[in-house]
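The file data_6.cif contains mmCIF, C-alpha atoms:
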data_final
loop_
_atom_site.label_atom_id
_atom_site.label_comp_id
_atom_site.auth_asym_id
_atom_site.auth_seq_id
_atom_site.Cartn_x
_atom_site.Cartn_y
_atom_site.Cartn_z
CA MET A 6 59.99 -16.02 111.10
CA ARG A 7 60.60 -19.53 109.70
CA GLN A 8 56.90 -20.40 109.38
CA PRO A 9 55.95 -18.12 106.34
CA LEU A 10 58.89 -19.35 104.29
CA TRP A 11 57.78 -22.89 104.70
CA ILE A 12 54.35 -22.11 103.43
CA LEU A 13 55.76 -20.41 100.34
CA ASN A 14 57.97 -23.38 99.51
CA SER A 15 55.09 -25.78 99.87
CA ILE A 16 52.96 -23.74 97.48
CA LEU A 17 55.69 -23.60 94.87
CA LEU A 18 56.27 -27.33 95.08
CA THR A 19 52.57 -28.00 94.66
CA LEU A 20 52.46 -25.82 91.58
CA VAL A 21 55.40 -27.63 90.00
CA ILE A 22 53.77 -31.00 90.61
CA LEU A 23 50.49 -29.83 89.07
CA ILE A 24 52.30 -28.46 86.02
CA LEU A 25 54.08 -31.77 85.48
CA ILE A 26 50.83 -33.70 85.79
CA PHE A 27 49.14 -31.38 83.28
CA MET A 28 52.00 -31.79 80.83
CA LEU A 29 51.83 -35.57 81.05
CA MET A 30 48.12 -35.55 80.57
CA THR A 31 48.12 -33.19 77.60
CA ARG A 32 51.13 -34.53 75.76
CA VAL A 33 50.49 -35.26 72.02
CA THR A 34 52.17 -38.23 70.42
CA VAL A 35 53.96 -37.26 67.19
CA TYR A 36 54.21 -40.22 64.91
CA GLU A 37 57.12 -40.80 62.66
CA ARG A 38 56.67 -39.59 59.06
CA VAL A 39 56.11 -42.44 56.66
CA ASP A 40 56.27 -42.19 52.86
CA ILE A 41 52.89 -42.62 51.19
CA GLU A 42 52.95 -45.19 48.40
CA PRO A 43 49.90 -46.33 46.40
CA GLU A 44 48.79 -49.81 47.10
CA ILE A 45 47.77 -52.09 44.29
CA TYR A 46 44.36 -53.49 44.96
CA PRO A 47 43.22 -56.55 43.09
CA GLU A 48 40.36 -56.00 40.65
CA LYS A 49 37.10 -57.07 42.05
CA VAL A 50 34.85 -58.98 39.69
CA SER A 51 31.43 -57.36 39.81
CA LYS A 52 28.73 -59.82 40.27
CA GLU A 53 25.53 -59.09 38.38
CA ALA A 54 22.58 -58.62 40.57
CA PRO A 55 20.01 -61.27 40.09
CA ARG A 56 17.38 -60.14 37.55
CA ILE A 57 14.01 -59.69 39.08
CA ASP A 58 11.06 -60.76 37.05
CA ILE A 59 8.47 -58.01 37.53
CA LYS A 60 5.84 -60.00 35.72
CA LYS A 61 4.83 -61.42 39.04
CA ILE A 62 4.14 -57.92 40.31
CA TYR A 63 1.63 -56.88 37.68
CA SER A 64 0.21 -60.36 37.13
CA ASP A 65 -0.64 -60.58 40.81
CA ASP A 66 -2.10 -57.00 40.77
CA ILE A 67 -4.24 -57.02 43.87
CA PHE A 68 -5.38 -53.36 43.43
CA ASP A 69 -6.42 -53.75 39.75
CA THR A 70 -4.34 -50.76 38.64
CA TYR A 71 -2.23 -52.31 35.94
CA ARG A 72 -3.14 -51.60 32.30
CA PRO A 73 -1.11 -53.33 29.62
CA GLU A 74 0.41 -51.06 26.97
CA ILE A 75 -1.10 -51.31 23.50
CA PRO A 76 1.61 -51.56 20.88
CA VAL A 77 1.43 -48.74 18.29
CA PRO A 78 1.85 -50.03 14.75
CA LYS A 79 4.59 -48.33 12.79
CA GLU A 80 3.51 -46.36 9.75
CA PRO A 81 4.79 -47.87 6.55
CA LYS A 82 7.01 -45.70 4.45
CA TYR A 83 5.42 -44.93 1.14
CA VAL A 84 8.06 -44.23 -1.41
CA GLY A 85 6.80 -43.98 -4.94
CA PRO A 86 7.44 -42.17 -8.19
CA LEU A 87 7.14 -38.39 -8.28
CA PRO A 88 3.79 -37.07 -9.58
CA LEU A 89 3.69 -35.68 -13.07
CA PRO A 90 3.19 -31.94 -13.52
CA PRO A 91 -0.35 -30.87 -14.40
CA LYS A 92 -1.14 -30.33 -18.00
CA PRO A 93 -1.50 -26.68 -18.97
CA THR A 94 -5.07 -25.66 -19.53
CA LYS A 95 -6.07 -23.02 -21.99
CA VAL A 96 -7.54 -19.99 -20.23
CA GLU A 97 -10.48 -18.51 -22.03
CA PRO A 98 -10.41 -14.70 -22.15
CA TRP A 99 -12.94 -13.10 -19.88
CA GLU A 100 -15.60 -11.17 -21.70
CA ALA A 101 -16.83 -8.11 -19.94
CA THR A 102 -20.55 -8.15 -19.51
CA LYS A 103 -22.27 -5.29 -21.23
CA PRO A 104 -24.21 -3.05 -18.86
CA LYS A 105 -27.95 -3.37 -19.04
CA PHE A 106 -29.74 -0.05 -19.00
CA PHE A 107 -33.27 0.26 -17.71
CA ASP A 108 -35.95 2.34 -19.34
CA PRO A 109 -36.15 5.78 -17.71
CA LEU A 110 -38.62 6.31 -14.91
CA ASP A 111 -42.06 7.35 -16.12
CA ILE A 112 -42.33 10.36 -13.81
CA THR A 113 -42.51 14.14 -14.06
CA LEU A 114 -40.90 16.62 -11.70
CA LYS A 115 -43.61 19.12 -10.69
CA GLY A 116 -41.94 21.25 -8.04
CA ILE A 117 -39.04 21.59 -5.61
CA MET A 118 -38.90 23.13 -2.14
CA THR A 119 -35.39 24.05 -1.00
CA LEU A 120 -34.28 24.88 2.55
CA SER A 121 -31.07 26.17 4.09
CA ASP A 122 -30.05 22.58 4.79
CA SER A 123 -29.97 20.79 1.44
CA SER A 124 -30.61 17.43 3.12
CA ASP A 125 -34.14 18.64 4.01
CA ASN A 126 -35.10 19.58 0.44
CA THR A 127 -38.28 18.01 -0.93
CA ALA A 128 -39.54 17.37 -4.44
CA ILE A 129 -43.07 16.98 -5.83
CA ILE A 130 -43.09 14.17 -8.38
CA GLU A 131 -46.01 12.89 -10.46
CA ASP A 132 -46.35 9.29 -11.56
CA ASN A 133 -47.33 9.49 -15.21
CA LYS A 134 -49.10 6.13 -15.04
CA THR A 135 -51.43 6.88 -12.14
CA LYS A 136 -51.30 10.71 -12.43
CA ARG A 137 -50.70 10.83 -8.69
CA GLU A 138 -48.42 13.43 -7.13
CA SER A 139 -46.36 12.73 -4.00
CA VAL A 140 -43.73 14.52 -1.95
CA TYR A 141 -40.31 12.88 -1.79
CA LYS A 142 -37.15 13.61 0.14
CA ILE A 143 -33.57 12.38 -0.14
CA GLY A 144 -33.39 8.61 0.33
CA ASP A 145 -36.96 7.81 -0.75
CA MET A 146 -37.57 5.08 -3.31
CA ILE A 147 -39.55 5.14 -6.56
CA GLU A 148 -39.71 1.61 -7.95
CA ASP A 149 -36.04 0.50 -7.94
CA ALA A 150 -34.65 4.06 -7.97
CA GLN A 151 -33.47 5.97 -4.90
CA LEU A 152 -33.60 9.76 -4.72
CA LEU A 153 -29.97 10.78 -4.37
CA ARG A 154 -29.87 14.61 -4.56
CA ILE A 155 -32.37 17.44 -4.76
CA PHE A 156 -31.19 20.72 -6.29
CA ASN A 157 -33.14 23.91 -6.87
CA ASN A 158 -33.93 22.94 -10.47
CA LYS A 159 -33.32 19.20 -10.78
CA VAL A 160 -33.28 15.88 -8.95
CA ILE A 161 -30.94 12.91 -9.36
CA PHE A 162 -31.98 9.27 -9.02
CA VAL A 163 -29.76 6.19 -8.92
CA ARG A 164 -31.16 2.87 -10.15
CA SER A 165 -30.45 -0.60 -8.80
CA ASN A 166 -27.91 -1.22 -11.60
CA GLY A 167 -26.00 2.01 -10.87
CA GLN A 168 -27.70 3.95 -13.66
CA GLN A 169 -28.22 7.63 -12.83
CA GLU A 170 -31.15 9.65 -14.09
CA VAL A 171 -31.61 13.41 -13.89
CA PHE A 172 -35.03 15.09 -14.04
CA TYR A 173 -35.23 18.84 -14.58
CA LEU A 174 -37.92 21.19 -13.46
CA ARG A 175 -37.91 23.18 -16.70
CA GLU A 176 -36.63 22.51 -20.18
CA LYS A 177 -34.33 25.52 -20.17
CA ASP A 178 -32.67 24.20 -17.01
CA ALA A 179 -31.65 21.10 -18.93
CA LYS A 180 -30.27 23.18 -21.79
CA ASN A 181 -28.33 25.53 -19.48
CA ASP A 182 -26.92 22.77 -17.28
CA PRO A 183 -23.10 22.68 -17.68
CA THR A 184 -23.21 18.88 -17.67
CA PHE A 185 -25.66 18.96 -20.56
CA LEU A 186 -23.55 21.53 -22.41
CA ASN A 187 -20.43 19.40 -22.13
CA LEU A 188 -22.06 16.85 -24.39
CA ASP A 189 -21.74 19.23 -27.33
CA ASP A 190 -18.52 20.04 -29.14
CA TRP A 191 -16.34 23.09 -28.43
CA GLU A 192 -16.12 24.38 -31.99
CA GLY A 193 -17.59 27.76 -31.10
CA VAL A 194 -15.34 28.19 -28.04
CA VAL A 195 -11.81 27.29 -29.19
CA LYS A 196 -10.26 27.53 -32.64
CA LYS A 197 -6.72 26.67 -33.68
CA PHE A 198 -5.14 29.04 -36.22
CA ALA A 199 -1.43 28.15 -35.90
CA PRO A 200 0.76 25.56 -34.12
CA ASN A 201 0.35 26.09 -30.37
CA ASN A 202 -1.79 29.19 -31.05
CA TYR A 203 -5.53 29.26 -30.42
CA TYR A 204 -8.45 31.65 -30.45
CA VAL A 205 -10.73 31.51 -27.39
CA SER A 206 -14.15 33.14 -27.38
CA PRO A 207 -14.54 34.87 -23.98
CA ALA A 208 -18.34 35.00 -24.15
CA MET A 209 -18.79 31.37 -25.16
CA PHE A 210 -16.14 30.20 -22.70
CA ALA A 211 -17.85 32.03 -19.81
CA LYS A 212 -21.18 30.53 -20.87
CA ARG A 213 -19.87 26.98 -21.03
CA VAL A 214 -17.51 27.11 -18.01
CA LYS A 215 -19.31 28.68 -15.07
CA ASN A 216 -16.58 28.64 -12.41
CA LEU A 217 -13.08 27.48 -11.51
CA ALA A 218 -14.30 24.23 -9.96
CA GLN A 219 -15.90 23.18 -13.25
CA LEU A 220 -12.68 23.98 -15.15
CA ILE A 221 -10.65 21.87 -12.68
CA ASP A 222 -13.10 19.01 -13.14
CA ILE A 223 -13.00 19.23 -16.97
CA LEU A 224 -9.19 19.24 -17.12
CA GLY A 225 -8.73 16.86 -14.16
CA LEU A 226 -6.17 19.19 -12.58
CA THR A 227 -4.02 17.89 -9.71
CA SER A 228 -0.82 19.13 -8.07
CA SER A 229 2.44 17.75 -9.49
CA TYR A 230 5.47 17.31 -7.25
CA LYS A 231 9.17 16.75 -7.93
CA LYS A 232 11.51 15.87 -5.06
CA GLY A 233 8.82 16.86 -2.59
CA ARG A 234 8.21 20.32 -4.10
CA SER A 235 5.24 21.45 -6.16
CA ILE A 236 6.16 22.30 -9.75
CA GLY A 237 2.72 22.94 -11.27
CA CYS A 238 -0.65 21.44 -12.21
CA ARG A 239 -0.92 18.08 -13.96
CA ILE A 240 -3.59 17.48 -16.61
CA GLY A 241 -5.60 14.36 -15.78
CA GLU A 242 -7.76 12.04 -17.83
CA MET A 243 -10.10 13.89 -20.21
CA GLN A 244 -13.06 12.77 -22.24
CA GLN A 245 -12.99 12.54 -25.98
CA ASP A 246 -13.45 15.91 -27.72
CA SER A 247 -13.23 17.69 -24.36
CA LEU A 248 -12.11 21.27 -23.78
CA GLY A 249 -8.58 20.24 -22.80
CA LEU A 250 -7.97 18.45 -26.09
CA LYS A 251 -9.33 21.42 -28.04
CA LEU A 252 -6.89 23.66 -26.15
CA GLY A 253 -3.97 21.48 -27.29
CA LEU A 254 -3.44 19.84 -23.91
CA ARG A 255 -2.70 16.16 -23.38
CA MET A 256 -3.05 13.85 -20.43
CA GLY A 257 0.07 14.07 -18.24
CA ASP A 258 1.01 17.62 -19.27
CA ILE A 259 2.23 19.80 -16.41
CA ILE A 260 1.27 23.49 -16.50
CA LEU A 261 4.32 25.30 -15.11
CA THR A 262 3.38 28.99 -15.52
CA VAL A 263 0.50 31.08 -16.86
CA ASN A 264 1.44 34.63 -17.86
CA ASN A 265 4.76 34.17 -15.98
CA ILE A 266 2.94 33.25 -12.73
CA PRO A 267 4.09 29.84 -11.37
CA ALA A 268 1.17 27.45 -10.84
CA THR A 269 2.75 25.93 -7.73
CA THR A 270 0.67 27.21 -4.82
CA THR A 271 -3.02 27.73 -4.22
CA SER A 272 -2.61 31.48 -3.91
CA ASN A 273 -0.79 31.65 -7.26
CA ARG A 274 -3.47 29.56 -8.97
CA LEU A 275 -6.20 31.80 -7.59
CA LYS A 276 -4.29 34.85 -8.83
CA ILE A 277 -4.01 33.25 -12.28
CA TYR A 278 -7.77 32.69 -12.34
CA ASN A 279 -8.59 36.23 -11.21
CA ASP A 280 -6.17 37.77 -13.72
CA THR A 281 -7.50 35.63 -16.56
CA ILE A 282 -11.18 36.46 -16.02
CA SER A 283 -10.31 40.18 -15.94
CA LEU A 284 -8.70 40.10 -19.41
CA LYS A 285 -10.41 41.74 -22.35
CA GLU A 286 -10.79 40.81 -25.98
CA GLY A 287 -7.45 40.92 -27.76
CA ASP A 288 -5.38 39.96 -24.71
CA ILE A 289 -3.16 36.87 -24.87
CA VAL A 290 -2.78 34.14 -22.26
CA VAL A 291 0.64 32.46 -22.43
CA ALA A 292 0.95 29.06 -20.75
CA ARG A 293 4.23 27.22 -20.42
CA LEU A 294 3.83 23.48 -19.93
CA GLN A 295 6.03 20.41 -19.71
CA ARG A 296 5.26 17.33 -21.80
CA GLY A 297 7.61 14.50 -20.99
CA ARG A 298 11.12 15.99 -21.13
CA ASN A 299 10.18 18.82 -23.47
CA THR A 300 8.78 22.25 -22.66
CA TYR A 301 6.14 23.93 -24.84
CA THR A 302 4.59 27.40 -24.91
CA MET A 303 0.87 27.68 -25.69
CA LYS A 304 -0.71 31.01 -26.64
CA TYR A 305 -4.45 31.67 -26.33
CA THR A 306 -5.81 34.88 -27.86
CA LEU A 307 -9.16 36.12 -26.54
CA LYS A 308 -11.17 36.84 -29.65
CA GLU A 309 -14.77 36.44 -30.71
CA PHE A 310 -14.95 34.42 -33.90
CA LEU A 311 -17.62 32.76 -35.97
CA PRO A 312 -17.45 28.98 -35.98
CA ALA A 313 -16.75 27.33 -39.31
CA LYS A 314 -19.79 26.55 -41.39
CA PRO A 315 -20.76 22.98 -40.58
CA LYS A 316 -20.61 20.48 -43.34
CA GLU A 317 -23.87 19.17 -44.66
CA THR A 318 -24.66 15.48 -44.53
CA VAL A 319 -25.98 13.69 -47.58
CA ILE A 320 -28.28 10.75 -46.86
CA ALA A 321 -29.85 8.87 -49.76
CA GLY A 322 -29.55 11.89 -52.05
CA ALA A 323 -31.05 14.32 -49.50
CA VAL A 324 -28.96 17.11 -47.96
CA ILE A 325 -29.34 17.36 -44.17
CA SER A 326 -27.62 20.13 -42.24
CA PRO A 327 -26.22 19.67 -38.69
CA GLU A 328 -28.95 22.00 -37.41
CA GLN A 329 -31.61 19.66 -38.75
CA ILE A 330 -29.80 16.71 -37.16
CA ARG A 331 -29.71 18.60 -33.85
CA GLN A 332 -33.43 19.36 -34.03
CA GLU A 333 -34.13 15.73 -34.87
CA LYS A 334 -32.14 14.60 -31.84
CA GLN A 335 -33.97 17.10 -29.65
CA THR A 336 -37.34 15.83 -30.93
CA MET A 337 -36.31 12.25 -30.17
CA MET A 338 -35.19 13.26 -26.68
CA GLU A 339 -38.50 15.03 -26.03
CA GLN A 340 -40.40 11.96 -27.18
CA LYS A 341 -38.30 9.67 -25.02
CA TYR A 342 -38.13 11.82 -21.90
CA GLN A 343 -41.16 13.78 -20.76
CA LEU A 344 -39.84 17.09 -19.46
CA ALA A 345 -41.56 19.26 -16.91
CA PRO A 346 -43.60 22.23 -18.20
CA THR A 347 -41.68 25.40 -18.93
CA GLU A 348 -41.97 28.59 -16.92
CA LYS A 349 -44.16 30.17 -19.60
CA GLU A 350 -46.51 27.19 -19.60
CA LEU A 351 -46.79 27.32 -15.81
CA LYS A 352 -47.71 31.03 -15.91
CA MET A 353 -50.29 30.42 -18.62
CA ARG A 354 -51.75 27.58 -16.59
CA GLU A 355 -51.97 29.78 -13.48
CA ARG A 356 -53.70 32.55 -15.43
CA ARG A 357 -56.14 30.11 -16.92
CA ASN A 358 -56.95 28.70 -13.48
CA MET A 359 -57.44 32.20 -12.08
CA PHE A 360 -59.88 33.20 -14.83
CA GLU A 361 -61.78 29.92 -14.94
CA LYS A 362 -61.86 29.01 -11.24
CA GLY A 363 -61.35 32.32 -9.47
CA GLY A 364 -64.05 34.57 -7.91
CA LYS A 365 -67.34 33.66 -6.21
CA PRO A 366 -69.37 30.71 -7.43
CA GLY A 367 -71.96 31.81 -9.91
CA ARG A 368 -72.74 31.88 -13.55
CA ARG A 369 -69.78 30.81 -15.57
CA ARG A 370 -68.45 33.55 -17.73
CA LYS A 371 -66.15 33.46 -20.66
CA TYR A 372 -63.02 35.55 -20.30
CA LYS A 373 -60.51 36.30 -22.90
CA ILE A 374 -57.15 35.04 -21.76
CA PRO A 375 -54.41 37.57 -22.53
CA GLU A 376 -51.59 36.08 -24.48
#
Starting from the coordinates I provided, produce the structure as structure tokens.
Amino acid sequence: MRQPLWILNSILLTLVILILIFMLMTRVTVYERVDIEPEIYPEKVSKEAPRIDIKKIYSDDIFDTYRPEIPVPKEPKYVGPLPLPPKPTKVEPWEATKPKFFDPLDITLKGIMTLSDSSDNTAIIEDNKTKRESVYKIGDMIEDAQLLRIFNNKVIFVRSNGQQEVFYLREKDAKNDPTFLNLDDWEGVVKKFAPNNYYVSPAMFAKRVKNLAQLIDILGLTSSYKKGRSIGCRIGEMQQDSLGLKLGLRMGDIILTVNNIPATTTSNRLKIYNDTISLKEGDIVVARLQRGRNTYTMKYTLKEFLPAKPKETVIAGAVISPEQIRQEKQTMMEQKYQLAPTEKELKMRERRNMFEKGGKPGRRRKYKIPE
């Protein structure tokens, strides 16, 4: 029974010895705490490094890579007196060059063929110099003139200087053309009999103004707006002695209402036009317009009237009436512009050709041409 106890004691002793050895081996020395005080170090005198002369490096360039720098000369500073202001030069006023008008083309319009597409219309034109007829279409050239438009009774050319020339198929077409009629005065159409009161001849007005588009073009009508809302129609620039001036209108006037219908929308303006053309003689058209800050009322009475007897002109003791002056102007125009033959002349020419050249060849007979 004594043997196991001995073994236990031996083991315990061995463990104690091992623990002591481990403690001795792993013991850490704890030094005594010492106050830290800054030490004063003497200043060290820095010794400059010996300067190395690099001239030897690039002077003994064995690889031939060194390129000496070229010194850039400094720009001198130029400081001088301020320049004097330029002397004022007198500007000569520019004189507008007067337009040079060419003599009208020496041609005669013989015929026109119109199609559904107006761009395919053709015109038969005779050169009065060579008496040769040719067919032309839009865009073709005659001398320096280009054919611009072809209508059913006239053609329009534009010259190299911008001059426009119109050739009519018949003389009556030229007389009935609204553009031609606008050259005359409006004495027989409008007559003033009181302030802001006028007589308007319905028959003469309908003859001179064919449609609403022509009236808009004559008066230069445009829409007038105030704060983004339409207030009426503004009268534009008009030619001298035009219809608008005869009606008492001025450039810049704004037509507010016509017969109490506001001229603000397209539908109202169309209603004004339709109502006006349906009026009869004796009816009155009342237009209210704004001129500047003032508002005026214009009254137009539809009435046929005889124009005032034109004054006669006295030249060198001779009395010449306006009708004679008109005929003289017409004669000068006919001498200057050769118009195409009239419809009556064309029919007479066709009849003459039928009687003289018609039928079978044989003995020539003399026929009496009916007048």
Option closest in space to Thr300 in chain A, from A:Ile260, A:Asp280, A:Ser229, A:Leu174 [counting only C-alpha atoms]: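 Distance minimum relative to Thr300 in chain A lands on A:Ile260.
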Could you jot down the CA of Arg154 in chain A to CA of Glu242 in chain A separation for me, Å, one decimal place? 25.9 Å
Shell around Thr127 in chain A at 6 Å using only C-alpha atoms, local window under 4 positions removed, as number ranges by chain: A: 117-118, 141-142
Sel. within 12 Å of pt (7.8, 12.8, -21.5), counting all atoms listed in the file, output as a PyMOL selection string: chain A and resi 255-259+294-301
So which residues touch Asn265 in chain A within 12 Å, counting only C-alpha atoms, skipping near sequence neighbours fewer than 2 positions away, as a list in words?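 In the requested format, the answer is Ile260, Leu261, Thr262, Val263, Pro267, Ala268, Thr269, Asn273, Arg274, Lys276, Ile277, Asp280, Val290, Val291, Ala292, Arg293, Leu294 and Thr302 of chain A.
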Can you translate the PyMOL selection byres ((chain A and resi 105) around 12) into the concrete residues it hits in this file, as a list in words?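 Selected by the PyMOL selection byres ((chain A and resi 105) around 12) here: Thr102, Lys103, Pro104, Phe106, Phe107, Asp108, Arg164, Ser165, Asn166, Gly167 and Gln168 of chain A.
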Run the PyMOL selection byres ((chain A and resi 198) around 12) against the file shown and list the residues it catches, as a list in words.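 Selected by the PyMOL selection byres ((chain A and resi 198) around 12) here: Val195, Lys196, Lys197, Ala199, Pro200, Asn201, Asn202, Tyr203, Tyr204, Val205, Lys251, Leu252, Gly253, Lys304, Tyr305, Thr306, Lys308 and Phe310 of chain A.
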Mind giving me the straight-line distance from CA of Glu176 in chain A to CA of Phe162 in chain A in Å, one decimal?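 Pair CA of Glu176 in chain A / CA of Phe162 in chain A returns 17.9 Å.
Note that CA of Asn14 in chain A and CA of Phe27 in chain A are 20.1 Å apart.
Between Ala211 in chain A and the residues A:Arg72, A:Tyr230, A:Pro109, A:Thr281, the shortest atom-to-atom distance, using all atoms listed in the file, involves A:Thr281.
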Would you compute the box with edges along x, y and z of the file around range 226-243 of chain A, including every atom the file lists for it and 4 Å extra on each side, and give its centre and edge lengths in Å to one decimal, as lines of an AutoDock Vina configuration file?
center_x = 0.7
center_y = 17.5
center_z = -11.4
size_x = 29.6
size_y = 18.9
size_z = 25.6
Could you check the closest approach to Ala128 in chain A for each of A:Pro91, A:Gly144, A:Gly237, A:Gly85 and tell me which residue wins, using all atoms listed in the file?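 Between A:Pro91, A:Gly144, A:Gly237, A:Gly85, the residue approaching Ala128 in chain A most closely is A:Gly144.
Closest approach to Lys136 in chain A among A:Val96, A:Ile112, A:Leu120, A:Ile282 is made by A:Ile112 (distances from only C-alpha atoms).
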Neighbouring residues of Met209 in chain A were defined as those with any atom within 10 Å, considering all atoms listed in the file; residues of the same chain fewer than 3 positions away were excluded. Please report them as a tab-separated table (two decimals) with C-alpha atoms, in the frame of the given file.
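Result file result-v5.tsv:
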chain	number	residue	atom	x	y	z
A	191	TRP	CA	-16.34	23.09	-28.43
A	193	GLY	CA	-17.59	27.76	-31.10
A	194	VAL	CA	-15.34	28.19	-28.04
A	195	VAL	CA	-11.81	27.29	-29.19
A	205	VAL	CA	-10.73	31.51	-27.39
A	206	SER	CA	-14.15	33.14	-27.38
A	212	LYS	CA	-21.18	30.53	-20.87
A	213	ARG	CA	-19.87	26.98	-21.03
A	214	VAL	CA	-17.51	27.11	-18.01
A	309	GLU	CA	-14.77	36.44	-30.71
